[in-house]
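Trainee: Right, I'll just put the structure down here and ask away after.
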Amino acid sequence: MHNEMEVRFLSLSGNEALARAIAVSFAAQMNPGIEELSDIRTAVSEAVTNAIIHGYDQNTDRVVTLQMETEKDVLTVIVRDEGCGIGDIDLARKPFYTSKPELERSGMGFSVMEAFMDSVDVRSELGHGTTVTMRKRIRHAD
Amino acid sequence: MELNAQKRGSRLSVQLSGELDHHSAEQTRIMLDTLLRDVTVHELVLDLSGMTFMDSAGIGVILGRFRKISMRGGRMVVKGMNASVDRLFQMSGIYAIVERQ
């Protein structure tokens, strides 16, 4: 089965729940297991939260794009912001590293994405934004 | 996020219900810290059986409260984790420092 969708929403923290709900509804068409759906829900939440907190530094009038694609049994999730970008991607991906310790962040965002998805690719350009592409093979996909 | 708190001696039991993400983290943190202003609290028990979603923002909230209660020589216990919260806790190593019941 091939399917695609794209949504754009403002960088409001309340839209984190919206993005999770949309992602789960789209992925549900592949008939995944409960655990797989929960993995996708959490990974999308992490990527969208990063875009809002780090990409846009909590400015609420910017746009986050969530793009999803299914190709056979593989789900691709792309979360994009046009924010400040990441200077050192390797450092940002390190477990427990956070650039905003004052916000009491755990520094586990990328680690969670990596644990719950099969692959996580991060492309970023300072001043231009960040694109996170995650893929997951759905075991019981129709 | 909804909190239900009960105190018995030095033990404060808090039942959390709903979603704990970045959006609800600050409100949850403020509510828990308000409860922890009571200096006689030395054991914080978090009942997570009513949690429908948690991501790494929740880990930040839990570790922050753990630091607070440890600083006064107290301890923290988590219980009622569903399968996805349990996997999140396992991968983040939270069980190495926070007691699980």
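Chain labels A, B, ... are given in the sequence in which chains occur in the structure tokens; within each chain residues are numbered consecutively from 1, and ligands are likewise numbered from 1 in the order shown.
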Would you mind writing down, as a count of residues only, each residue of chain A that DSSP on the backbone assigns to strand (DSSP E)?

Mentor: 42

Trainee: Report as a PyMOL selection string the set of chain A residues whose atoms approach chain B to within 8 Å, with distances computed over only C-alpha atoms.

Mentor: chain A and resi 13-14+16+35+38-39+42+45-46+49+104-109+112+115

Trainee: Fewer than 2 positions away in the same chain doesn't count, so skip those; otherwise give me all residues within 6 Å of Val74 of chain A, counting only C-alpha atoms, as a count of residues only.

Mentor: 5

Trainee: Please report, as a ChimeraX atom specification, each residue of chain A to which DSSP assigns alpha helix (DSSP H) when run on this structure's backbone.

Mentor: /A:15-27,34-50,89-93,109-116

Trainee: I need the chosen residues saved as a CSV table (one decimal), in the first residue's frame, with N, CA and C atoms.

Mentor:
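The file below, again00.csv, is the result:
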```
chain,number,residue,atom,x,y,z
A,15,ASN,N,-0.1,21.6,20.2
A,15,ASN,CA,-0.2,20.9,19.0
A,15,ASN,C,0.6,19.6,19.0
A,16,GLU,N,1.4,19.4,20.1
A,16,GLU,CA,2.1,18.1,20.2
A,16,GLU,C,1.1,17.0,20.3
A,17,ALA,N,0.1,17.1,21.1
A,17,ALA,CA,-0.9,16.1,21.2
A,17,ALA,C,-1.7,15.9,19.8
A,18,LEU,N,-1.9,17.0,19.1
A,18,LEU,CA,-2.5,17.0,17.8
A,18,LEU,C,-1.7,16.1,16.8
A,19,ALA,N,-0.4,16.4,16.8
A,19,ALA,CA,0.6,15.7,15.9
A,19,ALA,C,0.6,14.2,16.2
A,20,ARG,N,0.6,13.9,17.5
A,20,ARG,CA,0.5,12.5,17.9
A,20,ARG,C,-0.7,11.8,17.4
A,21,ALA,N,-1.9,12.5,17.6
A,21,ALA,CA,-3.1,11.9,17.2
A,21,ALA,C,-3.2,11.7,15.7
A,22,ILE,N,-2.7,12.6,14.9
A,22,ILE,CA,-2.7,12.5,13.4
A,22,ILE,C,-1.8,11.4,13.0
A,23,ALA,N,-0.6,11.3,13.6
A,23,ALA,CA,0.4,10.3,13.2
A,23,ALA,C,-0.1,8.9,13.5
A,24,VAL,N,-0.8,8.8,14.7
A,24,VAL,CA,-1.3,7.4,15.0
A,24,VAL,C,-2.5,7.1,14.1
A,25,SER,N,-3.3,8.0,13.7
A,25,SER,CA,-4.4,7.7,12.8
A,25,SER,C,-3.9,7.3,11.4
A,26,PHE,N,-2.9,8.0,11.0
A,26,PHE,CA,-2.3,7.6,9.6
A,26,PHE,C,-1.7,6.3,9.7
A,27,ALA,N,-0.9,6.0,10.7
A,27,ALA,CA,-0.1,4.8,10.8
A,27,ALA,C,-1.1,3.6,11.0
A,34,ILE,N,-0.2,-2.8,18.8
A,34,ILE,CA,-0.4,-1.7,19.8
A,34,ILE,C,1.0,-1.2,20.2
A,35,GLU,N,2.0,-2.0,20.3
A,35,GLU,CA,3.3,-1.6,20.7
A,35,GLU,C,3.9,-0.7,19.6
A,36,GLU,N,3.7,-1.1,18.4
A,36,GLU,CA,4.3,-0.3,17.3
A,36,GLU,C,3.6,1.1,17.2
A,37,LEU,N,2.3,1.1,17.4
A,37,LEU,CA,1.6,2.4,17.4
A,37,LEU,C,2.1,3.3,18.5
A,38,SER,N,2.3,2.7,19.7
A,38,SER,CA,2.8,3.4,20.8
A,38,SER,C,4.2,4.0,20.6
A,39,ASP,N,5.1,3.2,19.9
A,39,ASP,CA,6.4,3.6,19.5
A,39,ASP,C,6.3,4.9,18.6
A,40,ILE,N,5.4,4.8,17.6
A,40,ILE,CA,5.3,5.9,16.6
A,40,ILE,C,4.8,7.1,17.3
A,41,ARG,N,3.8,6.9,18.2
A,41,ARG,CA,3.2,8.1,19.0
A,41,ARG,C,4.3,8.8,19.7
A,42,THR,N,5.2,8.0,20.4
A,42,THR,CA,6.2,8.6,21.3
A,42,THR,C,7.3,9.3,20.4
A,43,ALA,N,7.7,8.6,19.4
A,43,ALA,CA,8.8,9.2,18.5
A,43,ALA,C,8.3,10.5,17.9
A,44,VAL,N,7.1,10.5,17.4
A,44,VAL,CA,6.6,11.8,16.8
A,44,VAL,C,6.5,12.9,17.8
A,45,SER,N,6.1,12.5,19.0
A,45,SER,CA,6.0,13.5,20.1
A,45,SER,C,7.4,14.1,20.4
A,46,GLU,N,8.4,13.3,20.4
A,46,GLU,CA,9.8,13.8,20.7
A,46,GLU,C,10.2,14.7,19.6
A,47,ALA,N,10.0,14.3,18.3
A,47,ALA,CA,10.5,15.1,17.2
A,47,ALA,C,9.8,16.5,17.1
A,48,VAL,N,8.4,16.5,17.3
A,48,VAL,CA,7.7,17.7,17.3
A,48,VAL,C,8.0,18.6,18.4
A,49,THR,N,8.2,18.0,19.6
A,49,THR,CA,8.6,18.8,20.8
A,49,THR,C,10.0,19.5,20.6
A,50,ASN,N,10.9,18.7,20.0
A,50,ASN,CA,12.2,19.3,19.7
A,50,ASN,C,12.1,20.5,18.7
A,89,ILE,N,25.1,18.0,15.5
A,89,ILE,CA,24.1,17.0,15.6
A,89,ILE,C,24.5,15.8,16.4
A,90,ASP,N,25.8,15.4,16.3
A,90,ASP,CA,26.3,14.3,17.2
A,90,ASP,C,26.1,14.5,18.6
A,91,LEU,N,26.4,15.8,19.0
A,91,LEU,CA,26.2,16.1,20.5
A,91,LEU,C,24.7,16.1,20.8
A,92,ALA,N,23.9,16.7,20.0
A,92,ALA,CA,22.5,16.8,20.2
A,92,ALA,C,21.9,15.4,20.4
A,93,ARG,N,22.4,14.4,19.7
A,93,ARG,CA,21.9,13.0,19.7
A,93,ARG,C,22.4,12.2,20.9
A,109,GLY,N,15.4,12.9,24.1
A,109,GLY,CA,14.5,13.0,22.9
A,109,GLY,C,15.0,12.1,21.7
A,110,PHE,N,16.2,12.3,21.3
A,110,PHE,CA,16.7,11.6,20.1
A,110,PHE,C,16.9,10.1,20.5
A,111,SER,N,17.4,9.8,21.8
A,111,SER,CA,17.5,8.4,22.2
A,111,SER,C,16.2,7.7,22.1
A,112,VAL,N,15.1,8.3,22.5
A,112,VAL,CA,13.8,7.7,22.5
A,112,VAL,C,13.4,7.4,21.0
A,113,MET,N,13.6,8.4,20.1
A,113,MET,CA,13.3,8.2,18.7
A,113,MET,C,14.1,7.0,18.2
A,114,GLU,N,15.4,7.0,18.5
A,114,GLU,CA,16.3,5.9,18.0
A,114,GLU,C,15.8,4.5,18.6
A,115,ALA,N,15.4,4.5,19.8
A,115,ALA,CA,15.0,3.2,20.4
A,115,ALA,C,13.6,2.7,19.8
A,116,PHE,N,12.8,3.7,19.5
A,116,PHE,CA,11.4,3.3,19.1
A,116,PHE,C,11.2,3.2,17.6
```

Trainee: Please identify all polymer residues within 7 Å of segment 75-78 of chain A, counting only C-alpha atoms, omitting same-chain residues fewer than 2 positions from it, and present them as a list in words.

Mentor: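 Residues near the query, excluding close chain neighbours: Leu66, Gln67, Met68, Glu69, Thr70, Glu71, Asp73, Arg80, Thr131, Val132, Thr133, Met134, Arg135, Lys136 and Arg137 of chain A.
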
Trainee: Which is closest to Arg11 of chain B among B:Val45, B:Ile97, B:Ile30, B:Leu36, if we use only C-alpha atoms?

Mentor: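 The closest residue to Arg11 of chain B is B:Val45.
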
Trainee: Quick one: distance from atom CA of Val64 of chain A to atom CA of Asp121 of chain A in Å, one decimal?

Mentor: 17.2 Å

Trainee: At a cut-off of 7 Å, using only C-alpha atoms, what residues contact Thr65 of chain A? Leave out same-chain residues fewer than 3 positions from it and give the result as a PyMOL selection string.

Mentor: chain A and resi 7-9+79-81

Trainee: Identify, on the basis of only C-alpha atoms, every residue whose closest approach to Leu12 of chain B does not exceed 9 Å; exclude the query and any residue fewer than 2 positions from it along the same chain; express the result as a PyMOL selection string.

Mentor: chain B and resi 5-10+14+35-36+41-46

Trainee: Restricting the output to N, CA and C atoms, write the selected residues as a PDB file, in the first residue's frame.

Mentor:
```pdb
ATOM      1  N   ALA B   5      -3.629  13.807  45.365  1.00  0.00           N
ATOM      2  CA  ALA B   5      -2.589  13.579  46.366  1.00  0.00           C
ATOM      3  C   ALA B   5      -3.174  13.166  47.710  1.00  0.00           C
ATOM      4  N   GLN B   6      -2.423  12.321  48.396  1.00  0.00           N
ATOM      5  CA  GLN B   6      -2.838  11.864  49.715  1.00  0.00           C
ATOM      6  C   GLN B   6      -1.592  11.760  50.578  1.00  0.00           C
ATOM      7  N   LYS B   7      -1.665  12.304  51.797  1.00  0.00           N
ATOM      8  CA  LYS B   7      -0.490  12.232  52.650  1.00  0.00           C
ATOM      9  C   LYS B   7      -0.775  11.385  53.883  1.00  0.00           C
ATOM     10  N   ARG B   8       0.203  10.534  54.172  1.00  0.00           N
ATOM     11  CA  ARG B   8       0.088   9.684  55.346  1.00  0.00           C
ATOM     12  C   ARG B   8       1.441   9.673  56.033  1.00  0.00           C
ATOM     13  N   GLY B   9       1.534  10.291  57.176  1.00  0.00           N
ATOM     14  CA  GLY B   9       2.830  10.424  57.832  1.00  0.00           C
ATOM     15  C   GLY B   9       3.763  11.214  56.942  1.00  0.00           C
ATOM     16  N   SER B  10       4.941  10.639  56.678  1.00  0.00           N
ATOM     17  CA  SER B  10       5.907  11.359  55.839  1.00  0.00           C
ATOM     18  C   SER B  10       5.795  10.936  54.379  1.00  0.00           C
ATOM     19  N   VAL B  14       0.917  10.406  45.136  1.00  0.00           N
ATOM     20  CA  VAL B  14       0.277  11.228  44.108  1.00  0.00           C
ATOM     21  C   VAL B  14      -0.098  10.345  42.928  1.00  0.00           C
ATOM     22  N   LEU B  35       3.216  20.647  46.262  1.00  0.00           N
ATOM     23  CA  LEU B  35       2.999  19.596  47.266  1.00  0.00           C
ATOM     24  C   LEU B  35       4.287  19.325  48.052  1.00  0.00           C
ATOM     25  N   LEU B  36       5.428  19.417  47.364  1.00  0.00           N
ATOM     26  CA  LEU B  36       6.710  19.106  48.013  1.00  0.00           C
ATOM     27  C   LEU B  36       7.224  20.246  48.897  1.00  0.00           C
ATOM     28  N   VAL B  41       7.473  15.827  54.080  1.00  0.00           N
ATOM     29  CA  VAL B  41       7.396  14.735  53.096  1.00  0.00           C
ATOM     30  C   VAL B  41       8.789  14.153  52.867  1.00  0.00           C
ATOM     31  N   HIS B  42       8.945  12.865  53.115  1.00  0.00           N
ATOM     32  CA  HIS B  42      10.234  12.212  52.881  1.00  0.00           C
ATOM     33  C   HIS B  42      10.129  11.034  51.931  1.00  0.00           C
ATOM     34  N   GLU B  43       8.911  10.701  51.550  1.00  0.00           N
ATOM     35  CA  GLU B  43       8.741   9.637  50.571  1.00  0.00           C
ATOM     36  C   GLU B  43       7.678  10.087  49.578  1.00  0.00           C
ATOM     37  N   LEU B  44       8.056  10.102  48.302  1.00  0.00           N
ATOM     38  CA  LEU B  44       7.113  10.500  47.259  1.00  0.00           C
ATOM     39  C   LEU B  44       6.784   9.274  46.419  1.00  0.00           C
ATOM     40  N   VAL B  45       5.511   8.892  46.431  1.00  0.00           N
ATOM     41  CA  VAL B  45       5.071   7.741  45.642  1.00  0.00           C
ATOM     42  C   VAL B  45       4.245   8.253  44.467  1.00  0.00           C
ATOM     43  N   LEU B  46       4.709   7.984  43.256  1.00  0.00           N
ATOM     44  CA  LEU B  46       3.962   8.404  42.065  1.00  0.00           C
ATOM     45  C   LEU B  46       3.235   7.203  41.479  1.00  0.00           C
TER      46      LEU B  46
END
```

Trainee: Give me, please, the distance in Å between atom CA of Asn3 of chain A and atom CA of Arg139 of chain A, quoted to one decimal.

Mentor: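 Result for atom CA of Asn3 of chain A versus atom CA of Arg139 of chain A: 17.3 Å, one decimal.
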
Trainee: Take atom CA of Thr60 of chain A and atom CA of Arg65 of chain B and report the distance between them in Å, one decimal.

Mentor: 27.6 Å
